[in-house]
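Text of work21.cif, listed as mmCIF, C-alpha atoms:
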data_entry
loop_
_atom_site.label_atom_id
_atom_site.label_comp_id
_atom_site.auth_asym_id
_atom_site.auth_seq_id
_atom_site.Cartn_x
_atom_site.Cartn_y
_atom_site.Cartn_z
CA MET A 19 0.00 0.00 0.00
CA VAL A 20 1.21 3.50 -0.88
CA THR A 21 -0.15 6.70 0.62
CA PHE A 22 -0.01 10.03 -1.18
CA LEU A 23 -0.08 12.86 1.37
CA ALA A 24 -0.89 16.48 0.64
CA LEU A 25 -0.06 19.00 3.37
CA TYR A 26 -1.49 22.48 2.92
CA LYS A 27 -0.33 25.64 4.68
CA ARG A 28 -2.91 28.10 5.99
CA PRO A 29 -4.21 30.02 2.96
CA PRO A 30 -4.81 33.80 2.92
CA ASP A 31 -8.58 33.20 2.67
CA PRO A 32 -9.36 29.95 4.52
CA ASP A 33 -13.09 30.05 3.75
CA ALA A 34 -12.61 30.41 -0.01
CA PHE A 35 -9.86 27.79 0.02
CA LEU A 36 -12.00 25.28 1.89
CA GLU A 37 -15.02 25.87 -0.33
CA HIS A 38 -12.94 25.26 -3.48
CA TYR A 39 -11.24 22.26 -1.91
CA LYS A 40 -14.52 20.58 -0.96
CA THR A 41 -16.52 21.37 -4.10
CA VAL A 42 -13.88 21.18 -6.84
CA HIS A 43 -10.65 19.51 -5.74
CA VAL A 44 -12.04 16.60 -3.71
CA PRO A 45 -14.26 15.40 -6.56
CA LEU A 46 -11.26 15.56 -8.91
CA ALA A 47 -9.17 13.50 -6.49
CA GLU A 48 -11.97 10.99 -5.92
CA ALA A 49 -12.04 10.35 -9.68
CA LEU A 50 -8.42 9.15 -9.77
CA PRO A 51 -8.24 5.65 -11.24
CA GLY A 52 -7.03 3.05 -8.74
CA LEU A 53 -7.79 5.17 -5.68
CA GLN A 54 -8.59 2.79 -2.82
CA ASN A 55 -9.27 5.24 0.01
CA MET A 56 -9.21 8.97 0.62
CA TRP A 57 -9.65 11.13 3.68
CA TRP A 58 -8.93 14.75 4.48
CA GLY A 59 -9.29 17.05 7.45
CA LEU A 60 -8.42 20.38 8.97
CA ALA A 61 -5.31 20.27 11.14
CA SER A 62 -4.96 21.73 14.62
CA PRO A 63 -1.57 23.29 15.36
CA LEU A 64 0.56 21.49 17.93
CA GLY A 65 3.06 24.24 18.59
CA ALA A 66 4.77 27.38 17.41
CA GLY A 67 5.65 27.32 13.73
CA ASP A 68 3.05 24.68 12.85
CA ASP A 69 1.28 26.24 9.89
CA ILE A 70 -0.38 23.13 8.42
CA TYR A 71 -4.05 23.92 7.73
CA LEU A 72 -5.31 20.81 5.95
CA VAL A 73 -4.05 17.27 5.38
CA ALA A 74 -5.27 14.83 2.73
CA SER A 75 -4.40 11.15 2.35
CA LEU A 76 -4.97 9.11 -0.81
CA GLN A 77 -4.20 5.40 -0.78
CA PHE A 78 -3.26 3.21 -3.72
CA GLY A 79 -2.34 -0.47 -3.95
CA ASP A 80 1.28 0.25 -4.90
CA ARG A 81 3.55 2.91 -6.36
CA GLU A 82 2.78 1.85 -9.92
CA ALA A 83 -0.96 2.39 -9.33
CA LEU A 84 -0.21 5.84 -7.91
CA ASP A 85 2.00 6.73 -10.88
CA ARG A 86 -0.70 5.57 -13.33
CA ALA A 87 -3.32 7.65 -11.50
CA MET A 88 -1.17 10.77 -11.58
CA ALA A 89 -0.39 10.31 -15.29
CA SER A 90 -4.06 9.83 -16.19
CA PRO A 91 -6.30 12.62 -17.50
CA GLU A 92 -7.95 12.71 -14.05
CA GLY A 93 -4.54 13.06 -12.39
CA ARG A 94 -3.54 15.87 -14.71
CA ALA A 95 -6.84 17.66 -14.02
CA ALA A 96 -6.28 17.37 -10.26
CA ALA A 97 -2.69 18.63 -10.59
CA ASP A 98 -3.79 21.59 -12.73
CA ASP A 99 -6.44 22.49 -10.17
CA LEU A 100 -3.96 22.15 -7.31
CA ASN A 101 -1.60 24.60 -8.96
CA HIS A 102 -4.50 26.97 -9.57
CA PHE A 103 -6.04 27.21 -6.09
CA ALA A 104 -3.15 26.23 -3.80
CA LYS A 105 -0.03 27.52 -5.54
CA ASN A 106 2.89 27.70 -3.08
CA LEU A 107 0.70 26.39 -0.23
CA TYR A 108 1.30 22.65 -0.41
CA GLN A 109 3.81 19.86 0.04
CA LEU A 110 3.29 16.42 -1.45
CA LYS A 111 4.74 13.22 0.00
CA VAL A 112 4.58 9.56 -0.94
CA VAL A 113 4.69 7.09 1.97
CA ASP A 114 5.42 3.42 1.36
CA CYS A 115 3.22 1.88 4.06
CA GLN A 116 4.64 -1.13 5.86
#

Could you write out this structure as structure tokens?
Amino acid sequence: MVTFLALYKRPPDPDAFLEHYKTVHVPLAEALPGLQNMWWGLASPLGAGDDIYLVASLQFGDREALDRAMASPEGRAAADDLNHFAKNLYQLKVVDCQ
């Protein structure tokens, strides 16, 4: 199992960000071929300097399934949207789950 994590910093307009995320970006992500599970949530800071606002987790069977999903038309649409509404606000990580 491979998990694709998206970590988002607090945006300038959290309400607009969250509305776009829920109504546009989540449906794009849910359409990724091979997606086995997805969850997302707002993050609570744990200390000074913690500026993570939202975390999303997308699970795929293996790295190849993730790579195919990201190369698909649905993956390209999600990436284009991400760069539109969250430019410079995110980090992406791939975790090989043991």

Edge lengths and centre in Å to one decimal, as JSON, of the axis-aligned box that encloses all listed atoms of region 54-61 of chain A with 5 Å added on every side?
{"center_x": -7.5, "center_y": 11.6, "center_z": 4.2, "size_x": 14.3, "size_y": 27.6, "size_z": 24.0}

Mind running region 68-89 of chain A against region 31-51 of chain A at 10 Å and telling me each contacting residue's nearest atom pair with the distance in Å (one decimal), counting only C-alpha atoms, chain and number ascending, as JSON lines?
{"residue": "A:Tyr71", "atom": "CA", "partner": "A:Pro32", "partner_atom": "CA", "distance": 8.7}
{"residue": "A:Leu72", "atom": "CA", "partner": "A:Leu36", "partner_atom": "CA", "distance": 9.0}
{"residue": "A:Ala74", "atom": "CA", "partner": "A:Val44", "partner_atom": "CA", "distance": 9.5}
{"residue": "A:Leu76", "atom": "CA", "partner": "A:Ala47", "partner_atom": "CA", "distance": 8.3}
{"residue": "A:Phe78", "atom": "CA", "partner": "A:Pro51", "partner_atom": "CA", "distance": 9.3}
{"residue": "A:Ala83", "atom": "CA", "partner": "A:Pro51", "partner_atom": "CA", "distance": 8.2}
{"residue": "A:Leu84", "atom": "CA", "partner": "A:Pro51", "partner_atom": "CA", "distance": 8.7}
{"residue": "A:Arg86", "atom": "CA", "partner": "A:Pro51", "partner_atom": "CA", "distance": 7.8}
{"residue": "A:Ala87", "atom": "CA", "partner": "A:Pro51", "partner_atom": "CA", "distance": 5.3}
{"residue": "A:Met88", "atom": "CA", "partner": "A:Leu50", "partner_atom": "CA", "distance": 7.6}
{"residue": "A:Ala89", "atom": "CA", "partner": "A:Leu50", "partner_atom": "CA", "distance": 9.8}

I would like the residues chosen by the PyMOL selection byres ((chain A and resi 105) around 12) on the shown file; could you give them as a CSV table (one decimal) with C-alpha atoms, in the coordinates of the input?
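So out-v6.csv came out as:
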chain,number,residue,atom,x,y,z
A,26,TYR,CA,-1.5,22.5,2.9
A,27,LYS,CA,-0.3,25.6,4.7
A,28,ARG,CA,-2.9,28.1,6.0
A,29,PRO,CA,-4.2,30.0,3.0
A,30,PRO,CA,-4.8,33.8,2.9
A,35,PHE,CA,-9.9,27.8,0.0
A,97,ALA,CA,-2.7,18.6,-10.6
A,98,ASP,CA,-3.8,21.6,-12.7
A,99,ASP,CA,-6.4,22.5,-10.2
A,100,LEU,CA,-4.0,22.2,-7.3
A,101,ASN,CA,-1.6,24.6,-9.0
A,102,HIS,CA,-4.5,27.0,-9.6
A,103,PHE,CA,-6.0,27.2,-6.1
A,104,ALA,CA,-3.2,26.2,-3.8
A,106,ASN,CA,2.9,27.7,-3.1
A,107,LEU,CA,0.7,26.4,-0.2
A,108,TYR,CA,1.3,22.6,-0.4
A,109,GLN,CA,3.8,19.9,0.0

If I take CA of Leu64 (chain A) and CA of Met19 (chain A), how far is one from the other in Å, to one decimal?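 Result for CA of Leu64 (chain A) versus CA of Met19 (chain A): 28.0 Å, one decimal.
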
Once the PyMOL selection byres ((chain A and resi 111) around 6) has been applied to the shown file, what residues remain in the selection, as a list of chain:residue names?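 Applying the expression gives A:Phe22, A:Leu23, A:Leu110, A:Val112.
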
Let me see the file: selected residues, C-alpha atoms, as a compact mmCIF listing (two decimals), in the coordinates of the input.
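Generated file (result.txt):
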# COMPACT_ATOMS: atom_id res chain seq x y z
CA PHE A 22 -0.01 10.03 -1.18
CA LEU A 23 -0.08 12.86 1.37
CA LEU A 110 3.29 16.42 -1.45
CA VAL A 112 4.58 9.56 -0.94
